[in-house]
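> I'd like to ask you about the structure that follows.
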Amino acid sequence: MKLESIAASITYYTKRYLPMMNRQLSFNDRIHVNSGTSTPALSENDQRAFLEEIVDLVPNKKEVTSTRFLLRLLHTAMVLHASPLSKENLEKRVSEPSSSKLNLLIFSYQI
């Protein structure tokens, strides 16, 4: 199976089942967000565990997963107080040379 297909599936699954991935939240906003979907709301601990599993599943190969998705995961990991290992892993992936500076600037402007 292609890594691009795996990355796309993980991206879709994450956006569907982790409500914070679809919202612009600051660090002071409430964690329990109802995204308006029919999926049940997860507790903060469940969301954190889910996010940490997703970080482990995302392919490590460069240029397979979009920088925007990785940055959104990193932001969500910070809001949910994910494990330092998960945040460090995401920081390394975002800072890889393959991540275009334009993508980083666009994302920082949107937050």
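In the structure tokens, the first chain shown is A, the next is B, and so on; residue numbers restart at 1 for each chain, and ligands run from 1 in the order shown.
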Find the residues around A:Thr11 up to 10 Å (only C-alpha atoms counted), leave out those fewer than 3 positions away in its own chain, and share them as a list in words.
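Near A:Thr11, the qualifying residues are Ser5, Ile6, Ala7, Ala8, Thr14, Lys15, Arg16, Met21, Ile54, Val58, Thr65, Ser66, Phe69, Leu70 and Leu73 of chain A.
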> Dump C-alpha atoms for the selected residues as a PDB file, in the first residue's frame?

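out.pdb, written as the output of this step:
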ATOM      1  CA  SER A   5      -2.796   6.574   0.729  1.00  0.00           C
ATOM      2  CA  ILE A   6      -2.037   5.788   4.357  1.00  0.00           C
ATOM      3  CA  ALA A   7      -1.306   9.453   5.119  1.00  0.00           C
ATOM      4  CA  ALA A   8      -4.515  10.576   3.384  1.00  0.00           C
ATOM      5  CA  THR A  14      -8.210  12.417  12.345  1.00  0.00           C
ATOM      6  CA  LYS A  15     -10.244  15.339  11.031  1.00  0.00           C
ATOM      7  CA  ARG A  16     -13.418  13.310  11.389  1.00  0.00           C
ATOM      8  CA  MET A  21      -8.573  19.466  14.190  1.00  0.00           C
ATOM      9  CA  ILE A  54      -2.179   9.195  15.319  1.00  0.00           C
ATOM     10  CA  VAL A  58       1.712   9.026  10.502  1.00  0.00           C
ATOM     11  CA  THR A  65       2.069  14.071   4.945  1.00  0.00           C
ATOM     12  CA  SER A  66       1.180  17.717   4.380  1.00  0.00           C
ATOM     13  CA  PHE A  69      -1.768  18.727   8.739  1.00  0.00           C
ATOM     14  CA  LEU A  70       1.398  18.254  10.818  1.00  0.00           C
ATOM     15  CA  LEU A  73      -1.566  18.177  14.854  1.00  0.00           C
TER      16      LEU A  73
END
> Would you please work out which residue, of A:Asp56, A:Pro19, A:Glu63, A:Arg68, is nearest to A:Lys87 when using only C-alpha atoms?
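Selected residue with least distance to A:Lys87: A:Asp56.
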> Can you tell me, as a list in words, what residues are no more than 12 Å from A:Ala82 when counting only C-alpha atoms, ignoring any on the same chain fewer than 3 positions away?
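Selected residues are Glu44, Asn45, Asp46, Gln47, Arg48, Ala49, Phe50, Leu51, Glu52, Glu53, Ile54, Val55, Leu73, Leu74, His75, Thr76, Ala77, Met78, Val79, Leu85, Ser86, Lys87, Glu88, Asn89 and Leu90 of chain A.
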> In Å, with one decimal, what is the gap from atom CA of A:Leu57 to atom CA of A:Glu96?
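Between atom CA of A:Leu57 and atom CA of A:Glu96 the gap is 17.9 Å.
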> At what distance in Å, to one decimal, does atom CA of A:Val64 lie from atom CA of A:Glu4?
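Rounded to one decimal, the two atoms are 5.5 Å apart.
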> How many Å separate atom CA of A:Tyr17 from atom CA of A:Leu71?
17.4 Å
> Determine which residues of stretch 49-92 of chain A DSSP labels as alpha helix (DSSP H) from the backbone of this structure, then write them out as a ChimeraX atom specification.
/A:49-57,67-79,84-92
